[in-house]
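Participant: To be precise about what I am sending: the file is called data_19.cif and holds mmCIF, C-alpha atoms.
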data_structure
#
loop_
_atom_site.group_PDB
_atom_site.id
_atom_site.type_symbol
_atom_site.label_atom_id
_atom_site.label_comp_id
_atom_site.auth_asym_id
_atom_site.auth_seq_id
_atom_site.Cartn_x
_atom_site.Cartn_y
_atom_site.Cartn_z
ATOM 1 C CA MET A 1 -10.241 -5.970 -38.010
ATOM 2 C CA ASN A 2 -6.472 -6.284 -38.009
ATOM 3 C CA VAL A 3 -6.167 -9.837 -39.304
ATOM 4 C CA ARG A 4 -2.429 -10.222 -38.705
ATOM 5 C CA LEU A 5 -2.567 -9.189 -35.108
ATOM 6 C CA GLY A 6 -5.926 -10.822 -34.629
ATOM 7 C CA ILE A 7 -7.345 -7.717 -33.016
ATOM 8 C CA ALA A 8 -10.993 -7.052 -33.618
ATOM 9 C CA VAL A 9 -11.517 -3.382 -33.074
ATOM 10 C CA ALA A 10 -15.020 -4.020 -31.832
ATOM 11 C CA ASP A 11 -13.598 -6.381 -29.180
ATOM 12 C CA THR A 12 -11.388 -3.659 -27.759
ATOM 13 C CA LYS A 13 -14.205 -1.147 -27.521
ATOM 14 C CA PRO A 14 -15.396 -1.198 -23.939
ATOM 15 C CA GLN A 15 -18.951 -1.422 -22.802
ATOM 16 C CA SER A 16 -20.309 1.763 -21.349
ATOM 17 C CA GLY A 17 -19.005 2.299 -17.814
ATOM 18 C CA THR A 18 -16.259 -0.334 -18.240
ATOM 19 C CA GLU A 19 -12.598 0.533 -17.762
ATOM 20 C CA ARG A 20 -10.964 1.131 -21.088
ATOM 21 C CA ARG A 21 -7.568 -0.132 -20.231
ATOM 22 C CA MET A 22 -7.723 -3.873 -20.656
ATOM 23 C CA VAL A 23 -5.252 -4.773 -17.960
ATOM 24 C CA LEU A 24 -7.193 -2.701 -15.452
ATOM 25 C CA ARG A 25 -10.340 -4.499 -16.514
ATOM 26 C CA LEU A 26 -8.674 -7.813 -15.787
ATOM 27 C CA LEU A 27 -7.460 -6.453 -12.448
ATOM 28 C CA GLU A 28 -10.978 -5.384 -11.553
ATOM 29 C CA PHE A 29 -12.337 -8.817 -12.510
ATOM 30 C CA TRP A 30 -9.605 -10.420 -10.407
ATOM 31 C CA ARG A 31 -10.416 -8.308 -7.368
ATOM 32 C CA GLU A 32 -14.161 -8.889 -7.677
ATOM 33 C CA ALA A 33 -13.678 -12.633 -8.067
ATOM 34 C CA LYS A 34 -11.413 -13.039 -5.049
ATOM 35 C CA GLY A 35 -13.586 -10.881 -2.776
ATOM 36 C CA ASP A 36 -12.180 -11.141 0.751
ATOM 37 C CA GLY A 37 -10.172 -14.261 -0.120
ATOM 38 C CA ALA A 38 -6.499 -14.377 -1.039
ATOM 39 C CA PHE A 39 -6.922 -15.401 -4.701
ATOM 40 C CA PRO A 40 -9.707 -16.172 -7.142
ATOM 41 C CA THR A 41 -10.041 -19.678 -8.569
ATOM 42 C CA PRO A 42 -9.334 -20.435 -12.257
ATOM 43 C CA ASP A 43 -13.067 -21.119 -12.753
ATOM 44 C CA GLN A 44 -13.906 -17.567 -11.753
ATOM 45 C CA LEU A 45 -11.750 -16.040 -14.503
ATOM 46 C CA ASN A 46 -12.347 -18.243 -17.524
ATOM 47 C CA ASP A 47 -13.965 -17.904 -20.918
ATOM 48 C CA ALA A 48 -17.438 -18.322 -19.482
ATOM 49 C CA ALA A 49 -16.946 -15.744 -16.754
ATOM 50 C CA MET A 50 -15.476 -13.009 -18.952
ATOM 51 C CA PRO A 51 -15.853 -13.947 -22.634
ATOM 52 C CA GLU A 52 -14.816 -10.610 -24.111
ATOM 53 C CA LEU A 53 -11.722 -10.190 -21.966
ATOM 54 C CA PHE A 54 -10.658 -13.832 -22.049
ATOM 55 C CA SER A 55 -9.931 -13.536 -25.756
ATOM 56 C CA TYR A 56 -6.722 -11.663 -24.816
ATOM 57 C CA CYS A 57 -5.749 -14.053 -22.033
ATOM 58 C CA VAL A 58 -3.635 -17.120 -21.471
ATOM 59 C CA VAL A 59 -3.853 -19.319 -18.377
ATOM 60 C CA LEU A 60 -0.751 -21.099 -17.115
ATOM 61 C CA ASP A 61 -0.490 -24.020 -14.719
ATOM 62 C CA VAL A 62 2.283 -23.476 -12.145
ATOM 63 C CA SER A 63 1.499 -26.344 -9.803
ATOM 64 C CA GLN A 64 3.827 -28.869 -11.505
ATOM 65 C CA ARG A 65 6.696 -26.739 -12.791
ATOM 66 C CA PRO A 66 6.535 -23.197 -11.427
ATOM 67 C CA THR A 67 9.765 -22.206 -13.210
ATOM 68 C CA ASP A 68 8.387 -23.230 -16.621
ATOM 69 C CA PRO A 69 4.573 -23.066 -16.481
ATOM 70 C CA VAL A 70 2.392 -24.814 -19.042
ATOM 71 C CA VAL A 71 -0.513 -23.292 -20.984
ATOM 72 C CA ILE A 72 -3.853 -24.795 -20.020
ATOM 73 C CA ALA A 73 -6.164 -22.322 -21.737
ATOM 74 C CA ILE A 74 -5.804 -19.490 -24.226
ATOM 75 C CA GLY A 75 -8.114 -16.899 -25.725
ATOM 76 C CA ARG A 76 -8.731 -16.450 -29.442
ATOM 77 C CA SER A 77 -6.873 -13.180 -29.899
ATOM 78 C CA MET A 78 -3.899 -14.230 -27.795
ATOM 79 C CA SER A 79 -3.694 -17.437 -29.786
ATOM 80 C CA SER A 80 -3.587 -15.483 -33.036
ATOM 81 C CA TYR A 81 -0.664 -13.418 -31.715
ATOM 82 C CA ALA A 82 1.214 -16.641 -31.079
ATOM 83 C CA GLY A 83 0.560 -17.993 -34.550
ATOM 84 C CA ALA A 84 0.207 -21.460 -33.039
ATOM 85 C CA ASN A 85 -1.894 -23.433 -30.599
ATOM 86 C CA LEU A 86 -0.062 -22.986 -27.324
ATOM 87 C CA VAL A 87 -2.191 -25.275 -25.138
ATOM 88 C CA GLY A 88 0.060 -27.877 -23.548
ATOM 89 C CA ARG A 89 3.254 -25.925 -24.323
ATOM 90 C CA SER A 90 5.502 -24.552 -21.624
ATOM 91 C CA ILE A 91 6.492 -20.897 -21.802
ATOM 92 C CA SER A 92 10.073 -21.808 -22.692
ATOM 93 C CA GLN A 93 8.642 -23.223 -25.950
ATOM 94 C CA PHE A 94 6.966 -19.982 -27.024
ATOM 95 C CA GLU A 95 8.142 -18.378 -30.245
ATOM 96 C CA PRO A 96 10.435 -15.429 -29.552
ATOM 97 C CA ASN A 97 9.318 -11.912 -30.438
ATOM 98 C CA THR A 98 5.640 -12.631 -30.037
ATOM 99 C CA LEU A 99 3.158 -11.046 -27.697
ATOM 100 C CA PRO A 100 2.638 -14.186 -25.561
ATOM 101 C CA THR A 101 6.396 -14.395 -24.939
ATOM 102 C CA TYR A 102 6.547 -10.870 -23.582
ATOM 103 C CA THR A 103 3.297 -11.299 -21.693
ATOM 104 C CA VAL A 104 4.638 -14.145 -19.564
ATOM 105 C CA ALA A 105 8.218 -12.831 -19.201
ATOM 106 C CA TYR A 106 7.758 -11.871 -15.542
ATOM 107 C CA VAL A 107 5.753 -14.786 -14.141
ATOM 108 C CA ALA A 108 8.526 -15.534 -11.620
ATOM 109 C CA GLU A 109 8.026 -12.101 -10.096
ATOM 110 C CA VAL A 110 4.270 -12.668 -9.852
ATOM 111 C CA LEU A 111 4.834 -15.992 -8.103
ATOM 112 C CA ARG A 112 7.247 -14.319 -5.698
ATOM 113 C CA LYS A 113 5.051 -11.324 -4.868
ATOM 114 C CA ARG A 114 1.699 -13.140 -5.168
ATOM 115 C CA VAL A 115 -0.100 -10.067 -6.499
ATOM 116 C CA PRO A 116 -1.108 -8.935 -10.005
ATOM 117 C CA ILE A 117 1.737 -7.229 -11.846
ATOM 118 C CA SER A 118 1.513 -5.159 -15.020
ATOM 119 C CA ARG A 119 4.383 -4.531 -17.397
ATOM 120 C CA GLY A 120 4.573 -2.827 -20.730
ATOM 121 C CA GLY A 121 7.121 -2.292 -23.404
ATOM 122 C CA SER A 122 7.864 -2.824 -27.037
ATOM 123 C CA PHE A 123 9.391 -5.424 -29.272
ATOM 124 C CA VAL A 124 10.018 -6.017 -32.947
ATOM 125 C CA ASP A 125 8.068 -8.923 -34.370
ATOM 126 C CA SER A 126 9.131 -11.334 -37.097
ATOM 127 C CA HIS A 127 7.858 -8.913 -39.749
ATOM 128 C CA GLY A 128 10.099 -6.138 -38.478
ATOM 129 C CA THR A 129 7.179 -4.202 -37.049
ATOM 130 C CA THR A 130 7.557 -2.485 -33.687
ATOM 131 C CA ILE A 131 4.796 -3.548 -31.346
ATOM 132 C CA LEU A 132 3.828 -1.655 -28.195
ATOM 133 C CA TYR A 133 2.167 -3.790 -25.572
ATOM 134 C CA ARG A 134 0.723 -3.665 -22.088
ATOM 135 C CA SER A 135 0.208 -6.892 -20.114
ATOM 136 C CA MET A 136 -0.865 -8.098 -16.712
ATOM 137 C CA VAL A 137 -0.253 -11.402 -14.929
ATOM 138 C CA ALA A 138 -2.292 -12.337 -11.875
ATOM 139 C CA PRO A 139 -2.235 -15.347 -9.525
ATOM 140 C CA LEU A 140 -5.034 -17.905 -9.233
ATOM 141 C CA ALA A 141 -5.570 -20.668 -6.697
ATOM 142 C CA ARG A 142 -7.754 -23.773 -6.969
ATOM 143 C CA ASP A 143 -8.351 -23.744 -3.226
ATOM 144 C CA GLY A 144 -8.306 -19.965 -3.015
ATOM 145 C CA LYS A 145 -5.107 -20.015 -0.941
ATOM 146 C CA THR A 146 -2.225 -21.789 -2.732
ATOM 147 C CA VAL A 147 -1.261 -20.350 -6.096
ATOM 148 C CA THR A 148 -1.688 -23.059 -8.727
ATOM 149 C CA ALA A 149 -2.165 -21.008 -11.889
ATOM 150 C CA LEU A 150 -1.605 -17.615 -13.450
ATOM 151 C CA ILE A 151 -3.799 -15.659 -15.806
ATOM 152 C CA ALA A 152 -2.039 -13.311 -18.182
ATOM 153 C CA ALA A 153 -3.645 -10.763 -20.471
ATOM 154 C CA ALA A 154 -2.158 -8.398 -23.001
ATOM 155 C CA ASN A 155 -3.090 -6.007 -25.746
ATOM 156 C CA CYS A 156 -0.906 -4.231 -28.188
ATOM 157 C CA ARG A 157 -0.647 -1.942 -31.174
ATOM 158 C CA GLU A 158 1.745 -1.466 -34.014
ATOM 159 C CA VAL A 159 3.935 1.575 -34.136
ATOM 160 C CA ALA A 160 3.527 3.121 -37.541
ATOM 161 C CA SER A 161 6.842 3.180 -39.336
ATOM 162 C CA SER A 162 7.946 6.605 -40.472
ATOM 163 C CA MET B 1 14.533 0.339 -12.329
ATOM 164 C CA ARG B 2 11.311 1.725 -10.892
ATOM 165 C CA SER B 3 8.087 0.062 -9.962
ATOM 166 C CA TYR B 4 4.901 1.414 -8.462
ATOM 167 C CA GLU B 5 3.003 -0.548 -5.861
ATOM 168 C CA ILE B 6 -0.599 0.143 -5.019
ATOM 169 C CA HIS B 7 -1.205 -0.556 -1.331
ATOM 170 C CA THR B 8 -4.590 -0.903 0.333
ATOM 171 C CA PHE B 9 -5.341 -0.547 4.020
ATOM 172 C CA GLN B 10 -7.485 -3.475 5.138
ATOM 173 C CA ALA B 11 -8.016 -5.301 8.424
ATOM 174 C CA GLY B 12 -5.769 -2.836 10.194
ATOM 175 C CA LYS B 13 -2.724 -3.164 7.955
ATOM 176 C CA TRP B 14 -1.283 -2.096 4.620
ATOM 177 C CA GLN B 15 -1.065 -4.781 1.919
ATOM 178 C CA ILE B 16 0.226 -4.741 -1.634
ATOM 179 C CA ASP B 17 -2.667 -4.822 -4.092
ATOM 180 C CA SER B 18 -0.848 -4.704 -7.421
ATOM 181 C CA VAL B 19 2.383 -3.591 -9.052
ATOM 182 C CA PHE B 20 2.942 -1.479 -12.170
ATOM 183 C CA ASP B 21 5.953 -0.330 -14.128
ATOM 184 C CA ASP B 22 4.010 2.701 -15.354
ATOM 185 C CA ARG B 23 3.603 5.602 -12.932
ATOM 186 C CA GLU B 24 0.599 7.199 -14.636
ATOM 187 C CA LEU B 25 -1.264 3.912 -14.860
ATOM 188 C CA ALA B 26 -0.624 3.184 -11.184
ATOM 189 C CA LEU B 27 -1.792 6.665 -10.159
ATOM 190 C CA PHE B 28 -4.841 6.394 -12.383
ATOM 191 C CA GLU B 29 -5.853 3.071 -10.876
ATOM 192 C CA ALA B 30 -5.153 4.249 -7.322
ATOM 193 C CA GLY B 31 -7.258 7.346 -7.879
ATOM 194 C CA ARG B 32 -10.076 5.222 -9.188
ATOM 195 C CA MET B 33 -9.856 2.859 -6.211
ATOM 196 C CA ASP B 34 -9.787 5.807 -3.825
ATOM 197 C CA GLU B 35 -13.101 7.057 -5.198
ATOM 198 C CA GLY B 36 -14.725 3.739 -4.300
ATOM 199 C CA ARG B 37 -15.694 2.722 -0.781
ATOM 200 C CA ARG B 38 -14.061 -0.666 -0.683
ATOM 201 C CA TYR B 39 -10.805 0.319 1.000
ATOM 202 C CA ALA B 40 -10.092 2.259 4.176
ATOM 203 C CA GLY B 41 -6.910 3.606 2.655
ATOM 204 C CA ILE B 42 -5.012 3.706 -0.650
ATOM 205 C CA ARG B 43 -1.432 4.707 -1.354
ATOM 206 C CA VAL B 44 1.092 4.348 -4.147
ATOM 207 C CA VAL B 45 4.676 3.583 -3.213
ATOM 208 C CA GLU B 46 7.455 4.134 -5.706
ATOM 209 C CA GLU B 47 10.339 1.669 -5.464
ATOM 210 C CA GLU B 48 13.616 2.465 -7.148
ATOM 211 C CA PHE B 49 16.322 -0.151 -7.268
ATOM 212 C CA ASP B 50 19.848 1.207 -7.689
ATOM 213 C CA GLU B 51 21.853 -1.426 -9.490
ATOM 214 C CA LEU B 52 25.153 0.170 -8.474
ATOM 215 C CA THR B 53 24.495 0.201 -4.754
ATOM 216 C CA GLU B 54 22.005 -2.688 -4.852
ATOM 217 C CA LYS B 55 19.766 -0.667 -2.575
ATOM 218 C CA THR B 56 16.069 0.047 -2.933
ATOM 219 C CA LYS B 57 14.655 3.478 -2.255
ATOM 220 C CA MET B 58 10.969 3.771 -1.451
ATOM 221 C CA ARG B 59 8.731 6.792 -1.247
ATOM 222 C CA THR B 60 5.000 7.352 -1.157
ATOM 223 C CA ILE B 61 3.843 9.329 -4.171
ATOM 224 C CA PHE B 62 0.108 9.153 -3.602
ATOM 225 C CA ARG B 63 -2.092 9.007 -0.537
ATOM 226 C CA GLY B 64 -5.791 8.487 -0.909
ATOM 227 C CA SER B 65 -8.219 11.077 0.405
ATOM 228 C CA LYS B 66 -9.167 8.936 3.411
ATOM 229 C CA VAL B 67 -5.507 8.589 4.401
ATOM 230 C CA GLU B 68 -4.959 12.314 3.914
ATOM 231 C CA LYS B 69 -8.064 13.067 5.974
ATOM 232 C CA ALA B 70 -7.001 10.708 8.751
ATOM 233 C CA ASN B 71 -3.506 12.248 8.765
ATOM 234 C CA ALA B 72 -4.931 15.772 8.894
ATOM 235 C CA THR B 73 -7.300 14.821 11.743
ATOM 236 C CA ALA B 74 -4.475 13.200 13.682
ATOM 237 C CA LEU B 75 -2.292 16.272 13.175
ATOM 238 C CA GLU B 76 -5.056 18.591 14.391
ATOM 239 C CA LYS B 77 -5.657 16.427 17.442
ATOM 240 C CA SER B 78 -1.959 16.369 18.225
ATOM 241 C CA LYS B 79 -1.775 20.191 17.918
ATOM 242 C CA GLU B 80 -4.786 20.544 20.183
ATOM 243 C CA THR B 81 -3.295 18.185 22.764
ATOM 244 C CA ARG B 82 0.015 20.068 22.736
ATOM 245 C CA HIS B 83 -1.802 23.396 23.092
ATOM 246 C CA LYS B 84 -3.866 22.089 26.010
ATOM 247 C CA ALA B 85 -0.757 20.668 27.672
ATOM 248 C CA ARG B 86 1.045 23.999 27.303
ATOM 249 C CA ALA B 87 -1.951 25.925 28.673
ATOM 250 C CA SER B 88 -2.299 23.531 31.598
ATOM 251 C CA HIS B 89 1.408 23.780 32.367
ATOM 252 C CA ALA B 90 1.280 27.581 32.242
ATOM 253 C CA LYS B 91 -1.707 27.603 34.589
ATOM 254 C CA MET B 92 0.032 25.298 37.057
ATOM 255 C CA SER B 93 3.149 27.483 36.978
ATOM 256 C CA GLN B 94 1.037 30.562 37.671
ATOM 257 C CA GLN B 95 -0.719 28.869 40.573
ATOM 258 C CA ALA B 96 2.568 27.718 42.076
ATOM 259 C CA GLU B 97 3.969 31.233 41.727
ATOM 260 C CA ALA B 98 0.887 32.724 43.400
ATOM 261 C CA ALA B 99 1.106 30.219 46.242
ATOM 262 C CA ARG B 100 4.764 31.079 46.845
ATOM 263 C CA ALA B 101 3.981 34.825 46.849
ATOM 264 C CA GLY B 102 1.084 34.255 49.234
ATOM 265 C CA LYS B 103 3.238 32.317 51.643
ATOM 266 C CA ALA B 104 5.852 35.064 51.576
ATOM 267 C CA ARG B 105 3.190 37.759 52.293
ATOM 268 C CA ASN B 106 1.577 35.779 55.129
ATOM 269 C CA THR B 107 4.887 35.226 56.968
ATOM 270 C CA ASN B 108 5.311 37.940 59.756
ATOM 271 C CA PRO B 109 8.957 38.229 60.948
ATOM 272 C CA TYR B 110 8.000 39.922 64.222
ATOM 273 C CA LEU B 111 5.796 37.033 65.096
ATOM 274 C CA LEU B 112 8.728 34.699 64.689
ATOM 275 C CA ILE B 113 10.978 36.900 66.855
ATOM 276 C CA GLY B 114 8.325 37.115 69.563
ATOM 277 C CA LEU B 115 7.889 33.367 69.531
ATOM 278 C CA PHE B 116 11.637 32.844 69.816
ATOM 279 C CA ALA B 117 11.849 35.298 72.721
ATOM 280 C CA ALA B 118 8.994 33.611 74.558
ATOM 281 C CA ILE B 119 10.580 30.197 74.176
ATOM 282 C CA THR B 120 13.910 31.576 75.381
ATOM 283 C CA LEU B 121 12.337 33.206 78.467
ATOM 284 C CA LEU B 122 10.465 30.038 79.273
ATOM 285 C CA GLY B 123 13.667 28.134 79.040
ATOM 286 C CA ILE B 124 15.523 30.549 81.333
ATOM 287 C CA GLY B 125 12.656 30.499 83.779
ATOM 288 C CA ALA B 126 12.718 26.721 83.832
ATOM 289 C CA VAL B 127 16.420 26.680 84.568
ATOM 290 C CA ILE B 128 16.086 29.210 87.453
ATOM 291 C CA GLY B 129 13.168 27.323 88.877
ATOM 292 C CA LEU B 130 14.984 24.012 88.826
ATOM 293 C CA ARG B 131 18.074 25.515 90.509
ATOM 294 C CA SER B 132 16.053 27.053 93.302
ATOM 295 C CA LEU B 133 14.268 23.722 93.765
ATOM 296 C CA TYR B 134 17.585 21.886 94.146
ATOM 297 C CA GLY B 135 18.749 24.720 96.500
ATOM 298 C CA ILE B 136 15.755 24.099 98.823
ATOM 299 C CA MET B 137 16.371 20.336 98.718
#
Using structure tokens, write down the structure from this file.
Facilitator:
Amino acid sequence: MNVRLGIAVADTKPQSGTERRMVLRLLEFWREAKGDGAFPTPDQLNDAAMPELFSYCVVLDVSQRPTDPVVIAIGRSMSSYAGANLVGRSISQFEPNTLPTYTVAYVAEVLRKRVPISRGGSFVDSHGTTILYRSMVAPLARDGKTVTALIAAANCREVASS
Amino acid sequence: MRSYEIHTFQAGKWQIDSVFDDRELALFEAGRMDEGRRYAGIRVVEEEFDELTEKTKMRTIFRGSKVEKANATALEKSKETRHKARASHAKMSQQAEAARAGKARNTNPYLLIGLFAAITLLGIGAVIGLRSLYGIM
């Protein structure tokens, strides 16, 4: 297990028949949960519904301040990337150069388009290590129609320094 | 700046399903969705925003097999319809041509001359008759 990044290798190993790419797994969960509706509810994509995947997720409330959403739930691995308990914090209060910061960087676009969006890239963390990441942010709705929350998931790996 | 939108065809219209900044990932996911039976159609649309012109260019870079099949069927049907229309038009032209030729063959010029002569003689006879009638009276 990579203690610093909080990644348990066993957690990233998919079950047989399950999509390896984590963001696509979240997307599949999201589609299954919403069915023929517009959006799934937050209860359909929580820790209980997808325990393995939720570890890499953070859920944001957008109903009060859509321009600066607040964390209402966070998975274990995502929390370890942040190095702090983010529940109750708005995204503007996230530490720079951390995975959660990059994961939620495009929430405005998700709120505008109202569909799951995936972005990837790289950044240099506080230890000077280059991190490659892939994330996805998807809309949720308490009533299934009006977006009230976002679920964001991300995984990453270090780029070995030469 | 490029993005790749996966579109699904549902309830008679195309809708955006998800957006990616990675072409291979979008194509992979679209291919996977296309293998399933959930959607009537899948496509991937590439959007490129030109910051200089502030214009967005869009092009379809993937069409699912059902879309391809439907397009191919529609194309075949359209070809068949055009072929039938051409054949029908050719047949009608031939028939019209044959009818014109038939009319030309059936027309006898001597018959027309004879008819004209008979009418003329009748007319002359009528005039002579009327004059002699007035002469008596």
Participant: Which residue is closest to chain A? Choose from B:Val19, B:Glu48, B:Arg32, B:Lys13 and count all atoms listed in the file.
Facilitator: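 Ranking B:Val19, B:Glu48, B:Arg32, B:Lys13 by distance to chain A, first place goes to B:Val19.
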Participant: Mind working out the centre and edge lengths of an axis-aligned box for segment 95-105 of chain A, all listed atoms inside, 3 Å added to each side, rounded to one decimal in Å and written as AutoDock Vina command-line options?
Facilitator:
--center_x 6.5 --center_y -14.6 --center_z -24.8 --size_x 13.8 --size_y 13.5 --size_z 17.2
Participant: Which residue is closest to chain A? Choose from B:Gly12, B:Ile124, B:Phe20, B:Ile6 and count all atoms listed in the file.
Facilitator: B:Phe20
Participant: Select all residues from chain B having any atom no more than 9 Å from an atom of chain A (counting only C-alpha atoms, ignoring ligands), output as an MDAnalysis selection string.
Facilitator: chainID B and resid 16:22 25 29
Participant: So how far away is atom CA of Gln44 of chain A from atom CA of Leu99 of chain A, in Å?
Facilitator: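 Separation between atom CA of Leu99 of chain A and atom CA of Gln44 of chain A: 24.2 Å.
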Participant: What do you get, as a list in words, if you spell out every residue that the PyMOL selection byres ((chain A and resi 91) around 7) selects here?
Facilitator: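 Answer for the PyMOL selection byres ((chain A and resi 91) around 7): Asp68, Pro69, Val70, Arg89, Ser90, Ser92, Gln93 and Phe94 of chain A.
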Participant: How about saving the chosen residues, C-alpha atoms kept, as an mmCIF file, in the frame of the given file?
Facilitator:
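This went into selection.cif:
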data_model
loop_
_atom_site.group_PDB
_atom_site.id
_atom_site.type_symbol
_atom_site.label_atom_id
_atom_site.label_comp_id
_atom_site.auth_asym_id
_atom_site.auth_seq_id
_atom_site.Cartn_x
_atom_site.Cartn_y
_atom_site.Cartn_z
ATOM 1 C CA ASP A 68 8.387 -23.230 -16.621
ATOM 2 C CA PRO A 69 4.573 -23.066 -16.481
ATOM 3 C CA VAL A 70 2.392 -24.814 -19.042
ATOM 4 C CA ARG A 89 3.254 -25.925 -24.323
ATOM 5 C CA SER A 90 5.502 -24.552 -21.624
ATOM 6 C CA SER A 92 10.073 -21.808 -22.692
ATOM 7 C CA GLN A 93 8.642 -23.223 -25.950
ATOM 8 C CA PHE A 94 6.966 -19.982 -27.024
#
Participant: Using all atoms listed in the file for the distances, tell me which of B:Lys66, B:Lys84, B:Lys55, B:Lys91 is nearest to Gly31 of chain B.
Facilitator: B:Lys66
Participant: Quick check on the file I pasted: which residues fall under the PyMOL selection byres ((chain A and resi 57-61) around 10)? Write them as an NGL selection string.
Facilitator: :A and (26 or 42 or 45-47 or 52-56 or 62-66 or 68-79 or 86-91 or 100 or 103-104 or 107 or 135-140 or 147-155)
Participant: I'd like the neighbourhood of Val44 of chain B as a PDB file with C-alpha atoms, in the coordinates of the input, where a residue qualifies if any of its atoms comes within 9 Å (using only C-alpha atoms), though same-chain residues fewer than 2 positions away should be ignored.
Facilitator:
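Written output follows (selection15.pdb):
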ATOM      1  CA  TYR B   4       4.901   1.414  -8.462  1.00  0.00           C
ATOM      2  CA  GLU B   5       3.003  -0.548  -5.861  1.00  0.00           C
ATOM      3  CA  ILE B   6      -0.599   0.143  -5.019  1.00  0.00           C
ATOM      4  CA  HIS B   7      -1.205  -0.556  -1.331  1.00  0.00           C
ATOM      5  CA  THR B   8      -4.590  -0.903   0.333  1.00  0.00           C
ATOM      6  CA  ALA B  26      -0.624   3.184 -11.184  1.00  0.00           C
ATOM      7  CA  LEU B  27      -1.792   6.665 -10.159  1.00  0.00           C
ATOM      8  CA  ALA B  30      -5.153   4.249  -7.322  1.00  0.00           C
ATOM      9  CA  ILE B  42      -5.012   3.706  -0.650  1.00  0.00           C
ATOM     10  CA  GLU B  46       7.455   4.134  -5.706  1.00  0.00           C
ATOM     11  CA  ARG B  59       8.731   6.792  -1.247  1.00  0.00           C
ATOM     12  CA  THR B  60       5.000   7.352  -1.157  1.00  0.00           C
ATOM     13  CA  ILE B  61       3.843   9.329  -4.171  1.00  0.00           C
ATOM     14  CA  PHE B  62       0.108   9.153  -3.602  1.00  0.00           C
ATOM     15  CA  ARG B  63      -2.092   9.007  -0.537  1.00  0.00           C
ATOM     16  CA  GLY B  64      -5.791   8.487  -0.909  1.00  0.00           C
TER      17      GLY B  64
END
Participant: Can you tell me how far atom CA of Thr130 of chain A sits from atom CA of Ala108 of chain A, in Å to one decimal?
Facilitator: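 Computing the Euclidean distance for atom CA of Thr130 of chain A and atom CA of Ala108 of chain A yields 25.7 Å.
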Participant: Mind giving me the straight-line distance from atom CA of Asn97 of chain A to atom CA of Glu24 of chain B in Å, one decimal?
Facilitator: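 One can read the atom CA of Asn97 of chain A to atom CA of Glu24 of chain B distance as 26.3 Å.
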Participant: Using all atoms listed in the file, give me every residue within 8 Å of (-13.6, -5.7, 1.1) in file coordinates, as a VMD selection string.
Facilitator: (chain A and resid 35 to 36) or (chain B and resid 10 38 to 39)
Participant: Do you know which residues the PyMOL selection byres ((chain A and resi 37) around 12) returns on this file, as an MDAnalysis selection string?
Facilitator: chainID A and resid 30:36 38:41 140:146
